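Report on the following structure.
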Amino acid sequence: MPHLPTADPYVAGHGDPSYAVRHYDLDLAYVPDGNRLDGTAVLDLVVREETARLVLDLAHLRATKVRLDGARLRKWSARDHRLVLQLDGAVAAETSLRLTVVYGGSPRPVVDRVHGDAGWEELEDGVIVAAQPHGAPTWFPCNDRPDDKATYRIDIAAPAGYTVVSNGSLADRQRRASAERWSWVMDRPMASYLATVQIGRYATTQHDPRTRTVAPSDADLAGSFDQQPAMLAFFERVFGPYPFDAYAAVITDDDLEIPLESQSLSTFGRNFCSSDWEQVRLVAHELAHQWYGNAVTLRRWQDIWLHEGFACYAEWLWSEESGGPRTCDEWARDHHDRLAGLDQDLVLADPGPELMFDDRVYKRGALTLHALRTALGDDAFFDLLSGWAADRAGASVTTEDFLAFASERTGTDVATVLGPWLYAAELPAFPRA
C-alpha cells in the first residue's frame with residue numbers, strides 16, 4: 001500500500017507537500033444535542049509538484065461525496081485519518097483545482113502519544129476547538145501543515161441561543177427557524193491549526209473598537225480581561241501595528257487547564273478570570289501571539305521558540321509596563337536561575353517533538369531575546385521586533401530566516417550572538433551588557 005505523506009516530522013501523518021490550499025470555504029451545521037457536525041468544504045488549491053494523488057487530513061468524520069472541479073471523483077478512500085484522492089491522471093505543477101468534500105459525523109479530538117489530544121471538544125454546554133498542533137482535521141478536511149496558509153470563510157449554523165465565534169470578521173448573521181447562521185471571514189493568510197470555532201451561551205463585552213471578550217454573562221473580567229486594550233496599545237508600541245482587524249478573548253463556562261491562541265482570538269477557561277499575575281500574564285501571552293505565531297508563523301514545528309519565546313518575553317515586558325510583580329530583567333534573571341537547575345538536554349532551535357511544548361522552550365526562548373536585547377540596546381532591539389512582524393506578516397519562517405533578517409536589520413552578526421542559546425544544549429551565562 002502506498003506510503004502517505006508527512007509534511008513535518010514533528011507531527012507525523014499530517015500534511016501533503018505536493019499542493020497548497022489558497023482558500024477554504026466551510027459551510028457547517030452543528031447540533032450540540034448528540035454532537036453532530038455536517039459540512040461542505042470547498043478548497044481552492046494549487047498543485048506544487050506533479051502528482052496523481054492528493055491527500056487531505058480528516059479525523060473521525062466521514063466523507064460522503066468528493067468532487068474535483070465540479071466533477072464527481074471516482075477513486076478516493078479514507079485511511080489513517082486521511083482522505084486519499086486518486087486523480088484520473090497526473091496533474092502538472094502550478095495547476096489550480098477546486099476540491100469539494102461533503103462530510104459529517106460526531107467530532108472529537110485526535111489523540112497521539114507525543115502531543116496528547118487536540119481539536120474539536122465538547123464542553124458542558126458548547127464547543128471549544130483548540131487545534132495546536134494537530135487538531136484541525138477534527139472538524140474540516142485540510143492540508144494540515146503549518147507552512148500552508150490560506151484565507152477562510154467559515155459559515156456555521158447552531159441552535160438559537162448559542163453564540164458562534166470564529167476567526168476574522170463577522171460578515172453576516174441570520175436567524176433561520178430555530179437556528180442561527182454565523183458567517184466569519186479571515187482574509188489574511190492563516191495556518192490550518194489556527195482556524196477555530198467556539199460555541200457557547202455567551203455575552204459580548206466590547207472593551208473598545210478592536211477588543212472584546214465573549215464570555216458567560218456573569219464572568220468577572222475586572223483586573224484581567226479588561227486590561228486587553230492597554231495591552232494591545234503597549235504591544236503596538238513595541239511590536240508594531242496589530243496585524244488583524246480586531247481581537248477577541250473567548251471565555252468558556254468550563255475551567256480549562258491552559259489557554260490557547262487562534263488567529264484573531266484566544267480561548268480561556270473561566271478559571272482565568274482573575275487579577276492574579278499567573279492568569280494576567282497568560283492574557284498578555286496569548287495576545288502577543290497575534291504578532292508572533294499568527295501573523296508570522298513558523299514553517300517547521302522545530303522553530304516553535306519563534307512563537308513561544310516571543311510571547312513569553314511579551315509577558316515580562318507587560319509586567320514591567322503595567323507595574324507588575326517584576327521588571328523584565330528581573331524575570332529574565334529569575335528564570336535563568338531556574339533553568340540552570342534543570343536538565344541541560346534541550347536544543348532550543350530543534351527540541352524534538354516530545355519537548356516542543358516543554359516550558360524550557362518558552363523560558364529559554366524569552367531569554368534568547370533578552371540576550372539579543374542586551375547585545376543590541378533597546379532602540380535597535382525593538383526596531384528589529386517591529387520590523388520582523390511587519391516584513392514577514394502573512395509568511396511562514398524559520399530560525400535561520402530570523403537570524404538573517406536580524407543581522408541585516410541591525411548590522412550585527414546576530415547568529416554569533418545567539419548561536420549558543422539556539423544550538424547548544426548547555427544554558428549560556430546570563431547576558432550582560
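In the C-alpha cells, chains take the letters A, B, ... in the order shown, each chain's residues start at 1, and ligands count up from 1 in the order shown.
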Mind dumping a table of every region 97-201 of chain A residue within 8 Å of region 30-38 of chain A, with the nearest atom pair and its distance in Å to one decimal, using only C-alpha atoms, sorted by chain and rising number, as CSV?
```
residue,atom,partner,partner_atom,distance
A:Val102,CA,A:Asp38,CA,7.9
A:Tyr103,CA,A:Asp38,CA,6.0
A:Gly104,CA,A:Asp38,CA,4.1
A:Gly105,CA,A:Leu37,CA,5.6
A:Ser106,CA,A:Arg36,CA,4.9
A:Pro107,CA,A:Leu37,CA,6.7
A:Glu122,CA,A:Asn35,CA,7.6
A:Asp125,CA,A:Pro32,CA,7.7
A:Gly126,CA,A:Pro32,CA,6.7
A:Trp139,CA,A:Leu37,CA,8.0
A:Ile156,CA,A:Tyr30,CA,7.1
A:Ala157,CA,A:Tyr30,CA,6.1
A:Ala158,CA,A:Tyr30,CA,5.3
A:Pro159,CA,A:Val31,CA,6.9
```
Fewer than 6 positions away in the same chain doesn't count, so skip those; otherwise give me all residues within 6 Å of region 413-427 of chain A, counting only C-alpha atoms, as a list in words. Gln344, Asp345, Leu346, Val347, Leu348, Ala349, Thr368, Leu403 and Ser407 of chain A
Taking only C-alpha atoms into account, produce a table as JSON lines in which each residue of region 12-77 of chain A with an atom at most 9 Å from an atom of region 180-202 of chain A appears once, together with its shortest atom pair and the distance in Å to one decimal, ordered by chain and rising number.
```
{"residue": "A:Arg22", "atom": "CA", "partner": "A:Pro189", "partner_atom": "CA", "distance": 8.5}
{"residue": "A:His23", "atom": "CA", "partner": "A:Pro189", "partner_atom": "CA", "distance": 8.9}
{"residue": "A:Asp27", "atom": "CA", "partner": "A:Ser183", "partner_atom": "CA", "distance": 9.0}
{"residue": "A:Ala29", "atom": "CA", "partner": "A:Arg181", "partner_atom": "CA", "distance": 8.3}
```
Residues of region 236-320 of chain A that approach region 396-399 of chain A to 7 Å or less, counting only C-alpha atoms: could you list each one with the shortest pair of atoms and its distance in Å to one decimal, rows by chain and increasing residue number, as JSON lines?
```
{"residue": "A:Val296", "atom": "CA", "partner": "A:Ser396", "partner_atom": "CA", "distance": 6.2}
{"residue": "A:Thr297", "atom": "CA", "partner": "A:Ser396", "partner_atom": "CA", "distance": 4.8}
{"residue": "A:Leu298", "atom": "CA", "partner": "A:Val397", "partner_atom": "CA", "distance": 4.9}
{"residue": "A:Arg299", "atom": "CA", "partner": "A:Ser396", "partner_atom": "CA", "distance": 4.7}
{"residue": "A:Arg300", "atom": "CA", "partner": "A:Thr398", "partner_atom": "CA", "distance": 6.8}
{"residue": "A:Asp303", "atom": "CA", "partner": "A:Thr399", "partner_atom": "CA", "distance": 6.1}
```
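Among the candidates A:Asp208, A:Asp276, A:Glu315, A:Glu408, the one nearest to His289 (chain A) when counting only C-alpha atoms is A:Glu315.
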What are the DSSP alpha helix (DSSP H) residues of region 183-316 of chain A, as a compact mmCIF listing (two decimals) with N, CA and C atoms, in the first residue's frame?
```
# COMPACT_ATOMS: atom_id res chain seq x y z
N GLN A 228 -7.03 44.22 28.32
CA GLN A 228 -6.61 43.94 26.95
C GLN A 228 -6.42 45.18 26.07
N PRO A 229 -7.27 46.21 26.16
CA PRO A 229 -7.00 47.40 25.35
C PRO A 229 -5.65 48.03 25.68
N ALA A 230 -5.29 48.08 26.96
CA ALA A 230 -4.00 48.64 27.34
C ALA A 230 -2.86 47.75 26.87
N MET A 231 -3.04 46.44 26.95
CA MET A 231 -2.03 45.51 26.46
C MET A 231 -1.82 45.71 24.96
N LEU A 232 -2.92 45.79 24.21
CA LEU A 232 -2.81 45.93 22.76
C LEU A 232 -2.10 47.24 22.41
N ALA A 233 -2.44 48.33 23.11
CA ALA A 233 -1.80 49.61 22.83
C ALA A 233 -0.29 49.54 23.11
N PHE A 234 0.09 48.88 24.20
CA PHE A 234 1.51 48.74 24.53
C PHE A 234 2.23 47.87 23.50
N PHE A 235 1.63 46.74 23.15
CA PHE A 235 2.28 45.86 22.18
C PHE A 235 2.41 46.53 20.82
N GLU A 236 1.48 47.39 20.46
CA GLU A 236 1.63 48.12 19.21
C GLU A 236 2.83 49.06 19.27
N ARG A 237 3.12 49.59 20.43
CA ARG A 237 4.29 50.47 20.56
C ARG A 237 5.59 49.70 20.40
N VAL A 238 5.64 48.46 20.87
CA VAL A 238 6.90 47.72 20.84
C VAL A 238 6.98 46.70 19.70
N PHE A 239 5.83 46.21 19.22
CA PHE A 239 5.83 45.20 18.17
C PHE A 239 5.35 45.74 16.83
N TRP A 277 -1.36 37.52 38.93
CA TRP A 277 -0.40 37.64 37.83
C TRP A 277 -0.33 36.37 37.00
N GLU A 278 -0.45 35.21 37.60
CA GLU A 278 -0.32 33.96 36.86
C GLU A 278 -1.40 33.81 35.80
N GLN A 279 -2.54 34.46 36.00
CA GLN A 279 -3.58 34.48 34.98
C GLN A 279 -3.40 35.66 34.01
N VAL A 280 -3.07 36.82 34.55
CA VAL A 280 -2.92 38.01 33.72
C VAL A 280 -1.79 37.84 32.70
N ARG A 281 -0.70 37.21 33.12
CA ARG A 281 0.42 37.05 32.19
C ARG A 281 0.02 36.24 30.96
N LEU A 282 -0.91 35.29 31.14
CA LEU A 282 -1.33 34.46 30.01
C LEU A 282 -2.28 35.22 29.09
N VAL A 283 -3.03 36.18 29.63
CA VAL A 283 -3.83 37.05 28.78
C VAL A 283 -2.89 37.84 27.85
N ALA A 284 -1.80 38.35 28.41
CA ALA A 284 -0.81 39.06 27.60
C ALA A 284 -0.11 38.11 26.62
N HIS A 285 0.22 36.93 27.09
CA HIS A 285 0.92 35.94 26.26
C HIS A 285 0.13 35.60 25.00
N GLU A 286 -1.15 35.31 25.16
CA GLU A 286 -1.95 34.92 24.00
C GLU A 286 -2.16 36.08 23.04
N LEU A 287 -2.30 37.28 23.57
CA LEU A 287 -2.44 38.45 22.70
C LEU A 287 -1.16 38.65 21.88
N ALA A 288 0.00 38.48 22.51
CA ALA A 288 1.27 38.67 21.79
C ALA A 288 1.43 37.69 20.64
N TRP A 305 10.10 28.06 19.16
CA TRP A 305 10.56 29.15 20.01
C TRP A 305 10.24 30.52 19.39
N LEU A 306 10.13 30.57 18.06
CA LEU A 306 9.77 31.83 17.41
C LEU A 306 8.36 32.28 17.78
N HIS A 307 7.54 31.37 18.27
CA HIS A 307 6.23 31.72 18.81
C HIS A 307 6.31 31.91 20.32
N GLU A 308 6.72 30.84 21.00
CA GLU A 308 6.58 30.81 22.46
C GLU A 308 7.61 31.67 23.18
N GLY A 309 8.83 31.74 22.65
CA GLY A 309 9.81 32.62 23.26
C GLY A 309 9.40 34.08 23.17
N PHE A 310 8.86 34.47 22.01
CA PHE A 310 8.42 35.86 21.83
C PHE A 310 7.24 36.18 22.73
N ALA A 311 6.27 35.27 22.81
CA ALA A 311 5.09 35.53 23.64
C ALA A 311 5.45 35.53 25.13
N CYS A 312 6.36 34.67 25.53
CA CYS A 312 6.81 34.67 26.92
C CYS A 312 7.54 35.98 27.24
N TYR A 313 8.37 36.45 26.32
CA TYR A 313 9.05 37.72 26.57
C TYR A 313 8.05 38.87 26.65
N ALA A 314 6.97 38.77 25.89
CA ALA A 314 5.91 39.80 25.97
C ALA A 314 5.30 39.84 27.37
N GLU A 315 5.18 38.69 28.03
CA GLU A 315 4.70 38.67 29.43
C GLU A 315 5.60 39.53 30.31
N TRP A 316 6.91 39.34 30.18
CA TRP A 316 7.86 40.07 31.01
C TRP A 316 7.81 41.57 30.71
```
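Contact shell of Gly70 (chain A) at 9 Å (only C-alpha atoms; same-chain neighbours under 6 positions omitted): Arg98, Leu99 and Thr100 of chain A.
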Mind checking which residues fall within 6 Å of region 246-258 of chain A, counting only C-alpha atoms, ignoring those fewer than 5 positions away in the same chain, and posting them as a short mmCIF file (atom, residue, chain, number, x, y, z; two decimals) with N, CA and C atoms, in the first residue's frame?
```
data_model
loop_
_atom_site.label_atom_id
_atom_site.label_comp_id
_atom_site.auth_asym_id
_atom_site.auth_seq_id
_atom_site.Cartn_x
_atom_site.Cartn_y
_atom_site.Cartn_z
N ARG A 210 -11.64 47.63 18.97
CA ARG A 210 -10.87 46.49 18.45
C ARG A 210 -10.80 45.29 19.39
N THR A 211 -11.16 45.44 20.63
CA THR A 211 -11.02 44.34 21.58
C THR A 211 -12.34 44.04 22.26
N ARG A 212 -12.65 42.75 22.38
CA ARG A 212 -13.87 42.34 23.04
C ARG A 212 -13.63 41.01 23.75
N THR A 213 -14.46 40.75 24.74
CA THR A 213 -14.43 39.48 25.45
C THR A 213 -15.80 38.83 25.32
N VAL A 214 -15.82 37.58 24.90
CA VAL A 214 -17.04 36.81 24.72
C VAL A 214 -17.05 35.76 25.82
N ALA A 215 -18.03 35.85 26.73
CA ALA A 215 -17.95 35.06 27.96
C ALA A 215 -19.33 34.84 28.55
N SER A 264 -6.63 35.87 15.50
CA SER A 264 -7.54 36.97 15.84
C SER A 264 -8.35 36.72 17.10
N LEU A 265 -8.17 35.60 17.78
CA LEU A 265 -8.85 35.36 19.05
C LEU A 265 -8.08 34.34 19.87
N SER A 266 -8.36 34.33 21.17
CA SER A 266 -7.77 33.35 22.08
C SER A 266 -8.87 32.81 22.97
N THR A 267 -8.64 31.62 23.51
CA THR A 267 -9.66 30.92 24.30
C THR A 267 -9.13 30.62 25.69
N PHE A 268 -9.95 30.92 26.69
CA PHE A 268 -9.60 30.73 28.09
C PHE A 268 -10.75 30.03 28.79
N GLY A 269 -10.45 29.41 29.92
CA GLY A 269 -11.49 28.91 30.79
C GLY A 269 -11.89 29.97 31.81
N ARG A 270 -13.02 29.75 32.46
CA ARG A 270 -13.49 30.70 33.47
C ARG A 270 -12.45 30.89 34.58
N ASN A 271 -11.62 29.88 34.83
CA ASN A 271 -10.62 29.96 35.88
C ASN A 271 -9.56 31.02 35.63
#
```
I'd like to know which residues of region 61-108 of chain A are strand (DSSP E) (by DSSP, run on the backbone); could you write them as a ChimeraX atom specification? /A:62-68,71-72,75-79,82-91,96-105
Preceding selection exported with N, CA and C atoms as an mmCIF file, in the first residue's frame:
```
data_model
loop_
_atom_site.group_PDB
_atom_site.id
_atom_site.type_symbol
_atom_site.label_atom_id
_atom_site.label_comp_id
_atom_site.auth_asym_id
_atom_site.auth_seq_id
_atom_site.Cartn_x
_atom_site.Cartn_y
_atom_site.Cartn_z
ATOM 1 N N ARG A 62 -16.760 11.343 8.445
ATOM 2 C CA ARG A 62 -16.880 10.513 7.238
ATOM 3 C C ARG A 62 -17.232 11.376 6.031
ATOM 4 N N ALA A 63 -16.401 11.314 5.031
ATOM 5 C CA ALA A 63 -16.711 11.974 3.768
ATOM 6 C C ALA A 63 -17.706 11.129 2.984
ATOM 7 N N THR A 64 -18.689 11.785 2.385
ATOM 8 C CA THR A 64 -19.707 11.064 1.609
ATOM 9 C C THR A 64 -19.672 11.409 0.129
ATOM 10 N N LYS A 65 -19.161 12.587 -0.220
ATOM 11 C CA LYS A 65 -19.050 12.973 -1.622
ATOM 12 C C LYS A 65 -17.766 13.774 -1.804
ATOM 13 N N VAL A 66 -17.104 13.546 -2.917
ATOM 14 C CA VAL A 66 -15.905 14.303 -3.268
ATOM 15 C C VAL A 66 -16.007 14.700 -4.734
ATOM 16 N N ARG A 67 -15.829 15.985 -5.002
ATOM 17 C CA ARG A 67 -15.846 16.479 -6.380
ATOM 18 C C ARG A 67 -14.566 17.262 -6.649
ATOM 19 N N LEU A 68 -14.065 17.133 -7.846
ATOM 20 C CA LEU A 68 -12.883 17.863 -8.275
ATOM 21 C C LEU A 68 -13.241 18.669 -9.508
ATOM 22 N N ALA A 71 -16.683 17.873 -10.980
ATOM 23 C CA ALA A 71 -16.997 16.507 -11.412
ATOM 24 C C ALA A 71 -16.768 15.520 -10.276
ATOM 25 N N ARG A 72 -17.628 14.528 -10.193
ATOM 26 C CA ARG A 72 -17.527 13.527 -9.137
ATOM 27 C C ARG A 72 -16.216 12.756 -9.268
ATOM 28 N N LYS A 75 -12.313 7.748 -7.505
ATOM 29 C CA LYS A 75 -11.412 6.938 -6.693
ATOM 30 C C LYS A 75 -10.899 7.750 -5.506
ATOM 31 N N TRP A 76 -11.442 7.426 -4.358
ATOM 32 C CA TRP A 76 -10.941 8.034 -3.123
ATOM 33 C C TRP A 76 -11.262 7.113 -1.964
ATOM 34 N N SER A 77 -10.505 7.228 -0.901
ATOM 35 C CA SER A 77 -10.694 6.345 0.238
ATOM 36 C C SER A 77 -10.250 7.042 1.520
ATOM 37 N N ALA A 78 -10.757 6.546 2.643
ATOM 38 C CA ALA A 78 -10.363 7.045 3.958
ATOM 39 C C ALA A 78 -9.356 6.077 4.562
ATOM 40 N N ARG A 79 -8.281 6.627 5.111
ATOM 41 C CA ARG A 79 -7.223 5.784 5.662
ATOM 42 C C ARG A 79 -6.414 6.569 6.685
ATOM 43 N N ARG A 82 -6.973 10.169 7.085
ATOM 44 C CA ARG A 82 -6.669 10.912 5.864
ATOM 45 C C ARG A 82 -7.705 10.565 4.803
ATOM 46 N N LEU A 83 -7.903 11.470 3.879
ATOM 47 C CA LEU A 83 -8.642 11.198 2.645
ATOM 48 C C LEU A 83 -7.628 11.113 1.522
ATOM 49 N N VAL A 84 -7.592 9.976 0.850
ATOM 50 C CA VAL A 84 -6.643 9.745 -0.229
ATOM 51 C C VAL A 84 -7.401 9.812 -1.549
ATOM 52 N N LEU A 85 -7.088 10.811 -2.348
ATOM 53 C CA LEU A 85 -7.802 11.064 -3.599
ATOM 54 C C LEU A 85 -6.915 10.653 -4.767
ATOM 55 N N GLN A 86 -7.367 9.656 -5.541
ATOM 56 C CA GLN A 86 -6.650 9.216 -6.728
ATOM 57 C C GLN A 86 -7.215 9.955 -7.939
ATOM 58 N N LEU A 87 -6.381 10.757 -8.571
ATOM 59 C CA LEU A 87 -6.817 11.538 -9.713
ATOM 60 C C LEU A 87 -6.828 10.674 -10.970
ATOM 61 N N ASP A 88 -7.523 11.123 -11.979
ATOM 62 C CA ASP A 88 -7.623 10.336 -13.216
ATOM 63 C C ASP A 88 -6.279 10.241 -13.937
ATOM 64 N N GLY A 89 -5.420 11.200 -13.680
ATOM 65 C CA GLY A 89 -4.095 11.199 -14.280
ATOM 66 C C GLY A 89 -3.227 12.197 -13.569
ATOM 67 N N ALA A 90 -1.953 12.226 -13.903
ATOM 68 C CA ALA A 90 -1.022 13.157 -13.275
ATOM 69 C C ALA A 90 -1.411 14.597 -13.598
ATOM 70 N N VAL A 91 -1.310 15.453 -12.588
ATOM 71 C CA VAL A 91 -1.616 16.875 -12.740
ATOM 72 C C VAL A 91 -0.312 17.649 -12.616
ATOM 73 N N SER A 96 -4.269 24.833 -10.945
ATOM 74 C CA SER A 96 -5.243 25.217 -9.930
ATOM 75 C C SER A 96 -6.432 24.263 -9.981
ATOM 76 N N LEU A 97 -6.914 23.852 -8.825
ATOM 77 C CA LEU A 97 -8.021 22.925 -8.723
ATOM 78 C C LEU A 97 -8.999 23.411 -7.668
ATOM 79 N N ARG A 98 -10.247 23.002 -7.821
ATOM 80 C CA ARG A 98 -11.262 23.246 -6.787
ATOM 81 C C ARG A 98 -11.791 21.898 -6.317
ATOM 82 N N LEU A 99 -11.617 21.642 -5.033
ATOM 83 C CA LEU A 99 -11.998 20.376 -4.433
ATOM 84 C C LEU A 99 -13.165 20.604 -3.478
ATOM 85 N N THR A 100 -14.222 19.784 -3.601
ATOM 86 C CA THR A 100 -15.390 19.883 -2.732
ATOM 87 C C THR A 100 -15.569 18.560 -2.000
ATOM 88 N N VAL A 101 -15.693 18.651 -0.662
ATOM 89 C CA VAL A 101 -15.877 17.466 0.168
ATOM 90 C C VAL A 101 -17.117 17.664 1.025
ATOM 91 N N VAL A 102 -18.076 16.733 0.935
ATOM 92 C CA VAL A 102 -19.243 16.708 1.803
ATOM 93 C C VAL A 102 -18.970 15.661 2.886
ATOM 94 N N TYR A 103 -19.187 16.026 4.145
ATOM 95 C CA TYR A 103 -18.780 15.132 5.229
ATOM 96 C C TYR A 103 -19.632 15.373 6.467
ATOM 97 N N GLY A 104 -19.484 14.494 7.455
ATOM 98 C CA GLY A 104 -20.238 14.672 8.690
ATOM 99 C C GLY A 104 -19.902 13.594 9.705
ATOM 100 N N GLY A 105 -20.496 13.762 10.905
ATOM 101 C CA GLY A 105 -20.273 12.793 11.971
ATOM 102 C C GLY A 105 -20.253 13.460 13.327
#
```
Which residues are near Gly223 (chain A)? Cut-off 7 Å, only C-alpha atoms, ignore same chain within fewer than 4 positions. Put them as a CSV table (one decimal) with N, CA and C atoms, in the first residue's frame.
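File written: selection_6.csv
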```
chain,number,residue,atom,x,y,z
A,227,GLN,N,-8.0,44.5,30.8
A,227,GLN,CA,-6.7,45.1,30.6
A,227,GLN,C,-6.3,45.0,29.1
A,274,SER,N,-9.2,36.3,36.7
A,274,SER,CA,-8.5,36.6,38.0
A,274,SER,C,-7.5,37.7,37.7
A,275,SER,N,-7.3,38.5,38.7
A,275,SER,CA,-6.3,39.6,38.7
A,275,SER,C,-5.0,39.1,39.1
```
When you look at Asp334 (chain A) with a cut-off of 12 Å (counting only C-alpha atoms), what residues show up, excluding the ones that are within fewer than 6 positions of it in the same chain? I need them as a CSV table (one decimal) with C-alpha atoms, in the first residue's frame.
```csv
chain,number,residue,atom,x,y,z
A,316,TRP,CA,7.9,40.1,31.0
A,326,ARG,CA,8.8,42.2,38.4
A,327,THR,CA,10.7,44.1,35.8
A,328,CYS,CA,11.6,42.4,32.5
A,340,ALA,CA,20.3,26.5,35.4
A,341,GLY,CA,19.0,24.0,37.9
A,363,LYS,CA,11.6,30.5,29.0
A,364,ARG,CA,14.9,29.9,27.2
A,367,LEU,CA,16.0,34.6,27.5
A,430,PHE,CA,23.2,35.3,31.9
```
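The shortest atom-to-atom distance to Gln132 (chain A), with only C-alpha atoms taken into account, belongs to A:Leu260 out of A:Leu260, A:Val21, A:Ala433, A:Ala93.
Straight-line separation from CA of Ala332 (chain A) to CA of Leu376 (chain A): 16.4 Å.
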CA of Thr374 (chain A) to CA of Ala390 (chain A), distance in Å rounded to a single decimal: 22.5 Å
Which residues are close to Gly387 (chain A), i.e. within 10 Å by only C-alpha atoms, leaving aside same-chain residues fewer than 2 positions away? Reply as a PDB file with C-alpha atoms, in the first residue's frame.
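The new file part-v3.pdb reads:
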```pdb
ATOM      1  CA  PHE A 239       5.827  45.202  18.172  1.00  0.00           C
ATOM      2  CA  GLY A 240       4.183  47.461  15.600  1.00  0.00           C
ATOM      3  CA  PHE A 381      16.083  45.575  19.528  1.00  0.00           C
ATOM      4  CA  PHE A 382      12.546  46.930  19.382  1.00  0.00           C
ATOM      5  CA  ASP A 383      13.083  48.214  15.858  1.00  0.00           C
ATOM      6  CA  LEU A 384      14.045  44.636  14.968  1.00  0.00           C
ATOM      7  CA  LEU A 385      10.934  43.132  16.589  1.00  0.00           C
ATOM      8  CA  ALA A 389       6.469  41.469  12.418  1.00  0.00           C
ATOM      9  CA  ALA A 390       5.796  43.927   9.604  1.00  0.00           C
ATOM     10  CA  ASP A 391       8.110  42.491   6.959  1.00  0.00           C
ATOM     11  CA  ARG A 392       7.092  38.846   7.449  1.00  0.00           C
ATOM     12  CA  ALA A 393       3.369  39.298   8.134  1.00  0.00           C
ATOM     13  CA  PHE A 405      16.777  39.295   8.920  1.00  0.00           C
ATOM     14  CA  ALA A 406      18.108  40.410  12.307  1.00  0.00           C
ATOM     15  CA  ARG A 409      18.404  44.936  10.034  1.00  0.00           C
TER      16      ARG A 409
END
```
